[in-house]
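Structure data follow from work.csv (CSV, C-alpha atoms):
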chain,number,residue,atom,x,y,z
A,9,MET,CA,42.3,9.3,35.7
A,10,GLY,CA,42.5,13.0,34.8
A,11,PRO,CA,40.1,14.9,32.7
A,12,ARG,CA,42.6,15.2,29.8
A,13,LEU,CA,43.1,11.5,29.7
A,14,ILE,CA,39.4,10.9,29.7
A,15,ALA,CA,38.9,13.3,26.8
A,16,HIS,CA,41.8,11.8,25.0
A,17,LEU,CA,40.3,8.3,25.3
A,18,ALA,CA,36.9,9.5,24.1
A,19,TRP,CA,38.6,11.2,21.1
A,20,ARG,CA,40.5,8.1,20.2
A,21,ARG,CA,37.3,6.0,20.5
A,22,TRP,CA,35.4,8.3,18.2
A,23,TRP,CA,38.1,8.3,15.6
A,24,GLY,CA,38.3,4.5,15.8
A,25,ALA,CA,34.6,4.2,15.1
A,26,LEU,CA,34.9,6.6,12.2
A,27,ALA,CA,37.7,4.6,10.7
A,28,CYS,CA,35.6,1.5,10.8
A,29,VAL,CA,32.8,3.3,9.0
A,30,LEU,CA,35.1,4.6,6.4
A,31,ALA,CA,36.6,1.1,5.8
A,32,LEU,CA,33.2,-0.4,5.3
A,33,ALA,CA,32.3,2.4,2.9
A,34,LEU,CA,35.4,1.9,0.9
A,35,THR,CA,35.0,-1.8,0.6
A,36,GLY,CA,31.4,-1.3,-0.6
A,37,CYS,CA,32.0,1.3,-3.3
A,38,ALA,CA,32.3,-1.2,-6.2
A,39,ALA,CA,30.2,-0.1,-9.1
A,40,PRO,CA,26.9,-2.0,-9.3
A,41,THR,CA,26.5,-4.4,-12.3
A,42,ALA,CA,22.6,-4.2,-12.4
A,43,ILE,CA,19.7,-2.3,-11.0
A,44,SER,CA,16.2,-3.5,-10.2
A,45,PRO,CA,13.7,-0.7,-10.8
A,46,GLN,CA,10.0,-1.0,-9.9
A,47,VAL,CA,8.0,-1.1,-13.1
A,48,ARG,CA,4.3,-0.5,-13.7
A,49,SER,CA,2.5,-0.5,-17.1
A,50,HIS,CA,-1.0,-0.1,-18.3
A,51,GLY,CA,-3.0,-0.4,-21.5
A,52,GLN,CA,-4.5,-2.9,-23.8
A,53,TRP,CA,-2.3,-3.4,-26.8
A,54,PRO,CA,-4.4,-4.6,-29.8
A,55,ALA,CA,-4.0,-8.4,-30.3
A,56,GLY,CA,-1.8,-9.2,-33.3
A,57,ARG,CA,-0.6,-5.6,-33.7
A,58,LEU,CA,3.1,-5.2,-34.1
A,59,ALA,CA,5.4,-2.4,-33.1
A,60,GLY,CA,6.5,-0.2,-35.9
A,61,ALA,CA,7.7,3.2,-36.9
A,62,PHE,CA,7.2,6.1,-34.5
A,63,VAL,CA,8.1,9.7,-33.9
A,64,PHE,CA,8.8,11.4,-30.6
A,65,GLU,CA,6.1,13.8,-29.3
A,66,ARG,CA,7.1,16.7,-27.1
A,67,LEU,CA,5.0,18.8,-24.8
A,68,PRO,CA,5.4,22.6,-25.0
A,69,SER,CA,7.5,22.6,-21.8
A,70,GLN,CA,9.8,19.9,-23.3
A,71,GLN,CA,10.1,21.9,-26.5
A,72,GLU,CA,11.6,24.8,-24.5
A,73,SER,CA,14.4,22.5,-23.2
A,74,SER,CA,15.2,21.0,-26.5
A,75,ALA,CA,18.8,19.8,-25.6
A,76,GLN,CA,17.6,18.1,-22.4
A,77,GLN,CA,14.8,16.4,-24.2
A,78,SER,CA,17.0,15.2,-27.1
A,79,ALA,CA,19.3,13.6,-24.5
A,80,LEU,CA,16.3,11.8,-23.0
A,81,GLU,CA,15.1,10.6,-26.3
A,82,ALA,CA,18.6,9.3,-27.1
A,83,ALA,CA,18.6,7.4,-23.8
A,84,ALA,CA,15.2,5.8,-24.6
A,85,LEU,CA,15.8,4.9,-28.2
A,86,PRO,CA,17.7,1.6,-27.6
A,87,ALA,CA,14.9,0.4,-25.3
A,88,LEU,CA,12.3,1.3,-27.9
A,89,GLN,CA,14.2,-0.5,-30.6
A,90,GLN,CA,14.6,-3.5,-28.4
A,91,ALA,CA,10.8,-3.6,-28.1
A,92,GLY,CA,10.4,-3.6,-31.9
A,93,PHE,CA,10.0,0.1,-32.6
A,94,THR,CA,11.9,2.0,-35.2
A,95,LEU,CA,12.4,5.8,-35.5
A,96,ALA,CA,10.6,7.0,-38.6
A,97,ALA,CA,12.6,8.5,-41.3
A,98,PRO,CA,11.8,12.1,-42.3
A,99,GLY,CA,8.9,12.3,-44.8
A,100,THR,CA,7.4,8.9,-43.8
A,101,GLU,CA,4.1,8.3,-42.0
A,102,PRO,CA,4.8,6.6,-38.7
A,103,ALA,CA,2.2,4.5,-37.0
A,104,TYR,CA,2.9,5.6,-33.4
A,105,THR,CA,4.0,8.6,-31.3
A,106,VAL,CA,6.1,8.2,-28.2
A,107,GLN,CA,6.0,10.7,-25.4
A,108,LEU,CA,8.8,10.5,-22.7
A,109,GLY,CA,9.1,11.9,-19.2
A,110,ALA,CA,11.8,11.8,-16.5
A,111,GLN,CA,12.0,13.1,-13.1
A,112,ALA,CA,14.6,13.0,-10.2
A,113,ARG,CA,13.8,13.9,-6.7
A,114,VAL,CA,16.4,14.4,-4.0
A,115,GLU,CA,15.2,13.9,-0.4
A,116,ARG,CA,17.6,15.1,2.2
A,117,GLN,CA,17.3,14.0,5.8
A,118,HIS,CA,16.7,17.0,8.1
A,119,TRP,CA,16.2,15.1,11.4
A,120,SER,CA,19.8,15.8,12.4
A,121,ARG,CA,19.1,19.5,13.0
A,122,PHE,CA,17.0,18.5,16.0
A,123,ASP,CA,19.8,16.4,17.6
A,124,PRO,CA,21.8,18.5,20.0
A,125,PHE,CA,24.7,16.0,19.7
A,126,TRP,CA,24.9,16.2,15.9
A,127,ASP,CA,27.4,19.1,15.6
A,128,PRO,CA,30.7,19.2,17.5
A,129,HIS,CA,30.3,20.3,21.1
A,130,TRP,CA,32.7,21.1,23.9
A,131,GLY,CA,31.7,20.6,27.5
A,132,PRO,CA,31.5,18.1,30.3
A,133,VAL,CA,31.5,14.5,29.3
A,134,TRP,CA,29.3,12.1,31.3
A,135,PRO,CA,29.8,8.3,31.1
A,136,ALA,CA,26.3,7.0,30.8
A,137,PRO,CA,25.7,3.3,30.2
A,138,TRP,CA,22.0,4.0,29.8
A,139,GLY,CA,19.7,6.4,28.0
A,140,PRO,CA,19.3,7.2,24.2
A,141,TYR,CA,23.0,8.0,23.8
A,142,ARG,CA,24.5,5.0,25.6
A,143,ASN,CA,26.0,3.7,22.3
A,144,ALA,CA,27.2,7.1,21.2
A,145,PRO,CA,30.9,7.3,20.1
A,146,TRP,CA,31.7,9.8,22.8
A,147,ASN,CA,30.6,7.4,25.5
A,148,TRP,CA,32.9,4.9,27.2
A,149,PRO,CA,32.4,2.3,29.9
A,150,GLY,CA,33.8,2.6,33.4
A,151,PRO,CA,33.0,4.3,36.7
A,152,PHE,CA,34.8,7.5,35.7
A,153,PRO,CA,33.8,10.9,37.1
A,154,PRO,CA,32.6,13.6,34.6
A,155,GLY,CA,35.2,16.0,33.2
A,156,PRO,CA,35.9,18.3,30.3
A,157,GLY,CA,35.9,16.6,26.9
A,158,VAL,CA,34.7,16.8,23.3
A,159,TRP,CA,32.2,14.8,21.4
A,160,MET,CA,31.6,15.0,17.7
A,161,ALA,CA,29.0,13.3,15.4
A,162,PRO,CA,29.8,11.7,12.1
A,163,PRO,CA,28.9,13.6,8.9
A,164,PRO,CA,25.3,13.7,7.9
A,165,PRO,CA,23.8,10.8,5.9
A,166,PRO,CA,23.7,11.1,2.0
A,167,PRO,CA,20.5,12.1,0.4
A,168,GLN,CA,17.9,9.7,-0.9
A,169,VAL,CA,17.3,10.0,-4.7
A,170,ARG,CA,14.3,8.8,-6.6
A,171,MET,CA,14.6,8.6,-10.4
A,172,GLN,CA,11.6,7.8,-12.6
A,173,VAL,CA,11.0,7.6,-16.3
A,174,ASP,CA,7.6,7.5,-18.1
A,175,VAL,CA,6.7,6.2,-21.6
A,176,LEU,CA,3.5,6.9,-23.4
A,177,ILE,CA,2.8,5.2,-26.7
A,178,ARG,CA,-0.1,6.4,-28.8
A,179,ASP,CA,-1.7,5.5,-32.1
A,180,ARG,CA,-0.8,8.3,-34.4
A,181,GLN,CA,-4.0,8.2,-36.4
A,182,GLY,CA,-6.6,8.3,-33.6
A,183,GLY,CA,-4.5,9.5,-30.7
A,184,GLN,CA,-5.5,6.5,-28.5
A,185,VAL,CA,-3.1,5.6,-25.8
A,186,LEU,CA,-2.0,2.0,-26.4
A,187,HIS,CA,0.7,1.6,-23.7
A,188,GLU,CA,1.8,3.5,-20.6
A,189,ALA,CA,4.9,2.4,-18.7
A,190,HIS,CA,6.7,3.7,-15.6
A,191,ALA,CA,10.0,2.7,-14.0
A,192,ARG,CA,11.3,4.0,-10.7
A,193,HIS,CA,14.7,3.5,-9.1
A,194,ASP,CA,15.6,4.6,-5.6
A,195,ARG,CA,19.3,5.1,-4.7
A,196,VAL,CA,21.5,6.8,-2.2
A,197,GLY,CA,23.8,9.7,-3.1
A,198,SER,CA,23.1,11.8,-6.2
A,199,VAL,CA,21.3,11.7,-9.5
A,200,ASN,CA,23.2,9.5,-12.0
A,201,ASP,CA,22.3,10.4,-15.6
A,202,GLY,CA,23.9,7.2,-16.8
A,203,LEU,CA,21.0,5.2,-15.4
A,204,TRP,CA,18.3,6.7,-17.6
A,205,PRO,CA,18.9,4.2,-20.4
A,206,ALA,CA,18.6,1.3,-18.0
A,207,LEU,CA,15.4,2.7,-16.6
A,208,PHE,CA,13.9,2.9,-20.0
A,209,ARG,CA,14.9,-0.7,-20.7
A,210,ALA,CA,13.2,-1.8,-17.5
A,211,ALA,CA,10.0,0.2,-18.4
A,212,LEU,CA,9.7,-1.6,-21.7
A,213,ALA,CA,11.1,-5.0,-20.7
A,214,ARG,CA,7.7,-6.6,-20.6
A,215,PHE,CA,6.1,-4.7,-23.5
A,216,PRO,CA,3.2,-5.0,-24.3
A,217,THR,CA,2.2,-7.0,-21.2
A,218,PRO,CA,0.5,-4.7,-18.7
A,219,LEU,CA,1.8,-4.7,-15.2
A,220,PRO,CA,-0.7,-2.9,-13.0
A,221,GLU,CA,1.1,-4.0,-9.8
A,222,ALA,CA,4.7,-2.8,-9.3
A,223,VAL,CA,7.2,-5.5,-10.3
A,224,ASP,CA,11.0,-5.4,-9.7
A,225,ILE,CA,12.8,-6.0,-13.0
A,226,GLU,CA,16.5,-6.4,-13.0
A,227,VAL,CA,18.4,-4.7,-15.8
A,228,PRO,CA,22.2,-5.2,-16.3
A,229,LEU,CA,24.4,-2.1,-16.5
A,230,PRO,CA,27.2,-1.5,-19.0
A,231,PRO,CA,30.7,-1.8,-17.5
A,232,PRO,CA,32.1,1.6,-16.3
A,233,GLY,CA,34.3,3.4,-18.7
A,234,PRO,CA,38.0,4.0,-18.2
Have the structure of the file written as structure tokens, please.
Amino acid sequence: MGPRLIAHLAWRRWWGALACVLALALTGCAAPTAISPQVRSHGQWPAGRLAGAFVFERLPSQQESSAQQSALEAAALPALQQAGFTLAAPGTEPAYTVQLGAQARVERQHWSRFDPFWDPHWGPVWPAPWGPYRNAPWNWPGPFPPGPGVWMAPPPPPPQVRMQVDVLIRDRQGGQVLHEAHARHDRVGSVNDGLWPALFRAALARFPTPLPEAVDIEVPLPPPGP
């Protein structure tokens, strides 16, 4: 078996493996119908006290990004209303203030830069049924001698994304913190701004019960638009 045929077989095997990966990815790309963020909450809500009118409170840094904070407040408002709160009308005296926070962290995997077989390489191909690369796509079984060939790794993995929202509810008269809630959701790919409302719903799903230990709370997602 000549070197060209060996390289051709290795190339076909690599493309066959890549086609299988792509087929699995396409079949698993259906939009999720729910997410299950990890929720933690703290505070001692006064017994017998009901939720009521509130106003949003903004930190100085949040006041500088008014448009972004307004979008975040709009995402949290349905969850607050579901918990029994109402946005105070101008000129009224609300009983509570609500401070919101949101953060998204993208963690890319950099281990591939240390792998000498990550990028495409040209050179001699050695059939090796042992070692750390025995299952690599450029490998093939058989007692064939080494020869010129090509090996290529699949594209790098997508980044890991951590999205989190924070809700702080205070008594407006005394400034006492009555309830603190956090909801975190880890996903693969990129930041999805459409998930912020669901994260706020998860954060306030058990209000006013404190959850000092992280609890997974499933929240349904609205159907995707056209």
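Near Leu95 in chain A, within 10 Å and counting all atoms listed in the file, sit Gly60, Ala61, Phe62, Val63, Phe64, Leu85, Leu88, Gln89, Pro102, Tyr104, Thr105 and Val106 of chain A; same-chain residues fewer than 4 positions away were not included.
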Which one of A:Ala222, A:Ala96, A:Gln107, A:Arg192 sits closest to Gln71 in chain A if you count all atoms listed in the file?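 Checking each candidate against Gln71 in chain A, we get A:Gln107 as the closest.
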Which of these, A:Leu229, A:Leu80, A:Ala75, A:Ala213, has the shortest distance to Asp201 in chain A once you count only C-alpha atoms?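 Result for the nearest residue to Asp201 in chain A: A:Leu80.
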Ala189 in chain A surroundings by only C-alpha atoms, 6 Å radius, close-in-sequence under 3 positions cut, as a list in words: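 With the cut-off at 6 Å, the set is Arg48, Ser49, Asp174, Val175 and Ala211 of chain A.
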Identify which of the residues A:His50, A:Val227, A:Ala42, A:Leu108 lies closest to Ala82 in chain A, counting only C-alpha atoms when measuring atom-to-atom distances.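 The answer is A:Leu108, which sits nearest to Ala82 in chain A.
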Between CA of Val223 in chain A and CA of Ala191 in chain A, distance in Å (one decimal):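 That distance, rounded to one decimal, is 9.4 Å.
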If you measure from CA of Trp53 in chain A to CA of Glu65 in chain A, what distance in Å do you get, rounded to one decimal?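 For CA of Trp53 in chain A relative to CA of Glu65 in chain A, the distance reads 19.3 Å.
Using only C-alpha atoms, the shortest contact distance between Pro220 in chain A and any of A:Ser44, A:Gln52, A:Gln77, A:Gln181 is found at A:Gln52.
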Looking at A:Gly183, A:Pro228, A:Val114, A:Glu221, which one is nearest to Gly197 in chain A, with distances taken over only C-alpha atoms? A:Val114
Return the single residue from A:Ala83, A:Val169, A:Ala91, A:Ala59 that is closest to Pro205 in chain A, with distances computed using all atoms listed in the file. A:Ala83
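Here CA of Pro98 in chain A and CA of Pro68 in chain A stand 21.2 Å from one another.
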With all atoms listed in the file as the counted atoms, please give the residues lying no more than 9 Å from Glu115 in chain A, apart from itself and same-chain residues fewer than 5 positions off, as a PyMOL selection string. chain A and resi 167-170
Do a neighbour search on Trp204 in chain A at 9 Å with all atoms listed in the file, toss out local chain neighbours closer than 6 positions, and write the hits as a PyMOL selection string. chain A and resi 80+83-84+110+171-173
